[in-house]
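S.K.: Sharing entry-v5.cif here; it has mmCIF, C-alpha atoms.
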data_entry
loop_
_atom_site.label_atom_id
_atom_site.label_comp_id
_atom_site.auth_asym_id
_atom_site.auth_seq_id
_atom_site.Cartn_x
_atom_site.Cartn_y
_atom_site.Cartn_z
CA MET N 28 73.21 72.16 102.85
CA ALA N 29 75.30 69.52 104.51
CA ASP N 30 74.01 65.97 104.93
CA ALA N 31 75.29 65.55 108.46
CA PRO N 32 73.00 63.46 110.69
CA PHE N 33 74.03 62.40 114.16
CA LEU N 34 76.35 65.29 114.85
CA GLU N 35 76.99 65.79 118.55
CA GLY N 36 77.81 68.89 120.52
CA GLY N 37 77.74 70.50 123.92
CA CYS N 38 78.80 73.31 126.17
CA ALA N 39 82.32 74.26 127.25
CA CYS N 40 82.23 72.47 130.61
CA GLY N 41 80.62 69.27 129.30
CA GLU N 42 77.57 69.37 131.56
CA VAL N 43 75.16 69.60 128.60
CA ARG N 44 75.55 67.33 125.56
CA TYR N 45 73.18 66.91 122.61
CA ARG N 46 72.88 65.10 119.28
CA LEU N 47 71.31 66.19 115.99
CA THR N 48 69.36 63.18 114.69
CA ALA N 49 68.78 64.64 111.23
CA PRO N 50 70.57 67.11 108.99
CA PRO N 51 69.56 70.73 109.59
CA MET N 52 66.92 72.24 107.33
CA PHE N 53 69.14 75.23 106.54
CA VAL N 54 72.22 76.94 108.00
CA HIS N 55 72.41 80.73 108.51
CA CYS N 56 75.44 82.89 109.07
CA CYS N 57 73.85 85.95 110.68
CA HIS N 58 75.67 89.28 110.73
CA CYS N 59 72.96 91.30 112.54
CA THR N 60 73.99 93.59 115.36
CA SER N 61 71.96 91.56 117.89
CA CYS N 62 73.91 88.39 117.06
CA GLN N 63 77.16 90.37 117.23
CA THR N 64 76.25 91.66 120.69
CA GLU N 65 74.94 88.34 122.02
CA THR N 66 77.98 86.35 120.89
CA GLY N 67 80.68 88.97 121.27
CA SER N 68 81.72 88.06 117.73
CA ALA N 69 81.34 89.25 114.14
CA PHE N 70 78.51 86.80 113.38
CA VAL N 71 76.82 83.59 114.51
CA ILE N 72 76.24 80.41 112.54
CA ASN N 73 72.92 78.73 113.32
CA ALA N 74 71.68 75.36 112.06
CA LEU N 75 67.88 75.44 111.82
CA ILE N 76 66.41 72.10 112.87
CA GLU N 77 63.22 70.76 114.34
CA THR N 78 63.29 70.52 118.13
CA SER N 79 62.32 66.85 117.78
CA HIS N 80 65.70 66.25 116.07
CA VAL N 81 67.75 67.68 118.96
CA GLU N 82 68.28 64.80 121.36
CA ALA N 83 69.52 65.44 124.90
CA LEU N 84 72.44 63.18 125.77
CA GLN N 85 73.45 64.67 129.12
CA GLY N 86 72.29 67.51 131.31
CA GLU N 87 69.63 70.03 130.49
CA ALA N 88 69.95 73.48 128.95
CA GLU N 89 67.96 76.32 130.52
CA PRO N 90 66.15 79.09 128.61
CA VAL N 91 66.97 82.76 129.07
CA MET N 92 64.56 85.23 127.43
CA THR N 93 66.30 88.06 125.61
CA PRO N 94 65.05 90.95 123.45
CA SER N 95 65.15 90.67 119.67
CA GLU N 96 64.90 93.15 116.83
CA SER N 97 61.48 91.72 115.87
CA GLY N 98 60.12 92.68 119.29
CA ARG N 99 58.93 89.10 119.90
CA GLY N 100 62.03 88.13 121.85
CA GLN N 101 64.06 84.97 121.72
CA GLN N 102 64.96 82.26 124.16
CA ILE N 103 68.64 81.44 124.30
CA TRP N 104 69.18 78.00 125.81
CA ARG N 105 72.32 77.91 127.94
CA CYS N 106 74.22 75.44 130.05
CA PRO N 107 73.27 76.17 133.68
CA ALA N 108 76.90 75.73 134.79
CA CYS N 109 79.09 77.48 132.19
CA GLN N 110 76.35 79.59 130.53
CA VAL N 111 77.42 78.71 126.95
CA ALA N 112 74.59 79.35 124.47
CA LEU N 113 73.64 76.09 122.73
CA TRP N 114 70.60 77.10 120.67
CA SER N 115 67.87 79.71 120.37
CA ASN N 116 64.13 79.75 119.77
CA TYR N 117 62.60 82.80 118.15
CA GLY N 118 59.18 84.24 118.99
CA GLY N 119 57.45 83.27 115.75
CA ALA N 120 58.27 79.55 115.88
CA GLY N 121 57.92 78.88 119.60
CA ASP N 122 59.85 75.74 120.50
CA ALA N 123 59.15 73.98 117.17
CA ILE N 124 62.45 74.94 115.54
CA ARG N 125 65.83 75.41 117.17
CA PHE N 126 68.63 77.58 115.87
CA VAL N 127 71.54 75.42 117.04
CA ARG N 128 74.81 77.29 117.50
CA VAL N 129 77.09 75.48 115.06
CA GLY N 130 80.14 76.45 117.13
CA THR N 131 78.91 74.15 119.92
CA LEU N 132 79.15 71.08 117.69
CA ASP N 133 82.13 68.77 118.13
CA THR N 134 82.76 69.19 114.39
CA PRO N 135 81.47 72.68 113.51
CA GLY N 136 83.15 72.54 110.10
CA ALA N 137 80.59 69.92 109.05
CA LEU N 138 77.89 72.60 108.66
CA PRO N 139 78.99 75.50 106.47
CA PRO N 140 76.46 78.30 105.95
CA ASP N 141 73.84 77.98 103.22
CA ILE N 142 73.30 81.75 103.32
CA HIS N 143 74.69 84.92 104.91
CA ILE N 144 71.95 87.16 106.32
CA TYR N 145 71.81 90.75 107.58
CA THR N 146 74.95 91.58 105.67
CA HIS N 147 74.02 95.29 105.79
CA SER N 148 75.49 95.25 109.31
CA LYS N 149 78.40 92.86 108.74
CA LEU N 150 81.72 94.16 109.96
CA PRO N 151 83.67 95.80 107.14
CA TRP N 152 86.64 93.44 107.38
CA VAL N 153 84.53 90.27 107.04
CA ARG N 154 84.86 88.82 103.53
CA LEU N 155 81.93 86.72 102.34
CA PRO N 156 82.71 83.53 100.41
CA VAL N 157 82.06 83.43 96.69
CA GLY N 158 79.20 81.16 95.70
CA VAL N 159 77.23 81.36 98.98
CA PRO N 160 74.07 83.51 98.81
CA ALA N 161 74.21 86.72 100.84
CA VAL N 162 71.33 89.10 101.55
CA GLU N 163 71.11 92.55 103.12
CA ALA N 164 68.47 91.53 105.68
CA TYR N 165 66.29 88.42 105.88
CA TYR N 166 64.95 86.52 102.87
CA ASP N 167 62.04 84.49 101.54
CA ALA N 168 62.64 80.87 102.59
CA ALA N 169 60.40 79.59 99.78
CA SER N 170 62.88 80.93 97.24
CA MET N 171 66.05 79.73 98.99
CA TRP N 172 65.35 76.51 100.90
CA PRO N 173 65.29 73.08 99.25
CA PRO N 174 61.75 71.65 98.88
CA GLU N 175 62.43 68.89 101.46
CA SER N 176 63.47 71.50 104.04
CA LEU N 177 60.38 73.60 103.34
CA ALA N 178 58.20 70.53 103.89
CA ARG N 179 59.97 69.78 107.17
CA ARG N 180 59.53 73.37 108.37
CA LYS N 181 55.84 73.35 107.46
CA ALA N 182 55.31 70.08 109.35
CA ALA N 183 57.16 71.40 112.41
CA LEU N 184 55.08 74.57 112.55
CA GLU N 185 51.72 72.84 112.19
#
Have the structure of the file written as C-alpha cells, please.

M.R.:
Amino acid sequence: MADAPFLEGGCACGEVRYRLTAPPMFVHCCHCTSCQTETGSAFVINALIETSHVEALQGEAEPVMTPSESGRGQQIWRCPACQVALWSNYGGAGDAIRFVRVGTLDTPGALPPDIHIYTHSKLPWVRLPVGVPAVEAYYDAASMWPPESLARRKAALE
C-alpha cells in the first residue's frame, strides 16, 4: 500500500477537485463485469478511504444510484458538468468509505493496486503483475489488509 497523503485529483473539465488527506486503506484493481461496463474499460482501480479523508477543494460531485451485483446498489459520484466518475459508495458501507477512482488523481501512478479482485471475469489479454495478490472473486479483508487499515475501516463503520 502506498504512503501517499495529500494526493489531489478531479474531473476532466476541472469543475470538481478533491484532495486525499491520508493514504488509502487499500487499493483494489477490480475486474468484475460491472466495473467493466461502468467504466468502458477492462478494470477499475479504486482507492478505499474514509469519506472524512476526501476533502472537497472545488465544486461538488453529485451521486447517481446504479445497480450492483450485490443487489444493494452503489452510488457513483460524478461531476455535474462533465459526468466523470470520481468515487463510489457501496450499499454496505453507506457514505463512510469511498472507493476513489485512482484514474482521477493528478498522479494515478502513485497508488498501484494492493490486490486484483474478480479475476474470474478479467479479460483474457490482461496480464496480472507478479507479486500482487489476485483472487477469483472478493476476499477476506482481515487476511489481506494491514492491521492499521483494518482499524481505520472499523472506526469508519462504527

S.K.: Neighbouring residues of Leu47 (chain N) were defined as those with any atom within 12 Å, considering all atoms listed in the file; residues of the same chain fewer than 3 positions away were excluded. Please report them as an mmCIF file with C-alpha atoms, in the frame of the given file.

M.R.:
data_model
loop_
_atom_site.group_PDB
_atom_site.id
_atom_site.type_symbol
_atom_site.label_atom_id
_atom_site.label_comp_id
_atom_site.auth_asym_id
_atom_site.auth_seq_id
_atom_site.Cartn_x
_atom_site.Cartn_y
_atom_site.Cartn_z
ATOM 1 C CA ASP N 30 74.010 65.970 104.930
ATOM 2 C CA ALA N 31 75.290 65.550 108.460
ATOM 3 C CA PRO N 32 73.000 63.460 110.690
ATOM 4 C CA PHE N 33 74.030 62.400 114.160
ATOM 5 C CA LEU N 34 76.350 65.290 114.850
ATOM 6 C CA GLU N 35 76.990 65.790 118.550
ATOM 7 C CA GLY N 36 77.810 68.890 120.520
ATOM 8 C CA GLY N 37 77.740 70.500 123.920
ATOM 9 C CA ARG N 44 75.550 67.330 125.560
ATOM 10 C CA PRO N 50 70.570 67.110 108.990
ATOM 11 C CA PRO N 51 69.560 70.730 109.590
ATOM 12 C CA MET N 52 66.920 72.240 107.330
ATOM 13 C CA ALA N 74 71.680 75.360 112.060
ATOM 14 C CA LEU N 75 67.880 75.440 111.820
ATOM 15 C CA ILE N 76 66.410 72.100 112.870
ATOM 16 C CA GLU N 77 63.220 70.760 114.340
ATOM 17 C CA THR N 78 63.290 70.520 118.130
ATOM 18 C CA SER N 79 62.320 66.850 117.780
ATOM 19 C CA HIS N 80 65.700 66.250 116.070
ATOM 20 C CA VAL N 81 67.750 67.680 118.960
ATOM 21 C CA GLU N 82 68.280 64.800 121.360
ATOM 22 C CA ALA N 83 69.520 65.440 124.900
ATOM 23 C CA LEU N 84 72.440 63.180 125.770
ATOM 24 C CA TRP N 114 70.600 77.100 120.670
ATOM 25 C CA ARG N 125 65.830 75.410 117.170
ATOM 26 C CA PHE N 126 68.630 77.580 115.870
ATOM 27 C CA VAL N 127 71.540 75.420 117.040
ATOM 28 C CA ARG N 128 74.810 77.290 117.500
ATOM 29 C CA VAL N 129 77.090 75.480 115.060
ATOM 30 C CA THR N 131 78.910 74.150 119.920
ATOM 31 C CA LEU N 132 79.150 71.080 117.690
ATOM 32 C CA ASP N 133 82.130 68.770 118.130
ATOM 33 C CA THR N 134 82.760 69.190 114.390
ATOM 34 C CA LEU N 138 77.890 72.600 108.660
#

S.K.: May I have the residues within 10 Å of region 85-92 of chain N as a list in words, using only C-alpha atoms and disregarding those fewer than 2 positions away in the same chain?

M.R.: Gly37, Cys38, Gly41, Glu42, Val43, Arg44, Tyr45, Arg46, Glu82, Ala83, Pro94, Ser95, Gly100, Gln101, Gln102, Ile103, Trp104, Arg105, Cys106, Pro107, Ala108, Gln110, Val111, Ala112, Leu113, Trp114, Ser115, Asn116 and Tyr117 of chain N

S.K.: CA of Thr93 (chain N) and CA of Glu65 (chain N), how far apart in Å?

M.R.: 9.4 Å

S.K.: Would you give me, as a Markdown table, each residue of region 133-170 of chain N having an atom within 10 Å of an atom of region 175-178 of chain N, along with its shortest atom pair and that distance in Å to one decimal, using all atoms listed in the file and sorting by chain and residue number?

M.R.:
| residue | atom | partner | partner_atom | distance |
| --- | --- | --- | --- | --- |
| N:Ala168 | CA | N:Leu177 | CA | 7.7 |
| N:Ala169 | CA | N:Leu177 | CA | 7.0 |
| N:Ser170 | CA | N:Leu177 | CA | 9.9 |

S.K.: With C-alpha atoms retained, write the just-selected residues as a CSV table (one decimal), keeping the file's coordinate frame.

M.R.:
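The result, written out as result.csv:
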chain,number,residue,atom,x,y,z
N,168,ALA,CA,62.6,80.9,102.6
N,169,ALA,CA,60.4,79.6,99.8
N,170,SER,CA,62.9,80.9,97.2

S.K.: Pick the closest to Val162 (chain N) from N:Lys149, N:His143, N:Arg180, N:His55: which is it, counting all atoms listed in the file?

M.R.: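 For Val162 (chain N), the nearest of the candidates is N:His143.
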
S.K.: Using all atoms listed in the file, which of the listed residues (N:Ala123, N:Ala69, N:Cys57, N:Ala49) sits closest to Glu163 (chain N)?

M.R.: N:Cys57

S.K.: What does the distance between CA of Pro173 (chain N) and CA of Pro139 (chain N) come to in Å, to one decimal place?

M.R.: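 Result for CA of Pro173 (chain N) versus CA of Pro139 (chain N): 15.7 Å, one decimal.
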
S.K.: Which residues, written as a ChimeraX atom specification, have at least one atom at most 7 Å from Cys56 (chain N), with all atoms listed in the file counted and residues fewer than 4 positions away on the same chain left out?

M.R.: /N:70-73,140,142-144

S.K.: Compare N:Pro156, N:Gly121, N:Gly130, N:Gly136 by their minimum atom-to-atom distance to Glu185 (chain N), counting only C-alpha atoms, and give me the closest one.

M.R.: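 Answer, going by the shortest atom-to-atom distance: N:Gly121.
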
S.K.: One decimal, Å: what's the distance from CA of His58 (chain N) over to CA of Pro151 (chain N), could you say?

M.R.: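 Going from CA of His58 (chain N) over to CA of Pro151 (chain N), I get 10.9 Å.
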
S.K.: Of the candidates N:Gly98, N:Pro174, N:Pro160, N:Gly67, which one gets nearest to Tyr145 (chain N) if we count all atoms listed in the file?

M.R.: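 Going through N:Gly98, N:Pro174, N:Pro160, N:Gly67 one by one, the smallest distance to Tyr145 (chain N) is for N:Pro160.
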
S.K.: Using all atoms listed in the file, pick whichever of N:Gly158, N:Ala182, N:Ser148, N:Met171 has the shortest atom-to-atom distance to Thr64 (chain N).

M.R.: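 Answer, going by the shortest atom-to-atom distance: N:Ser148.
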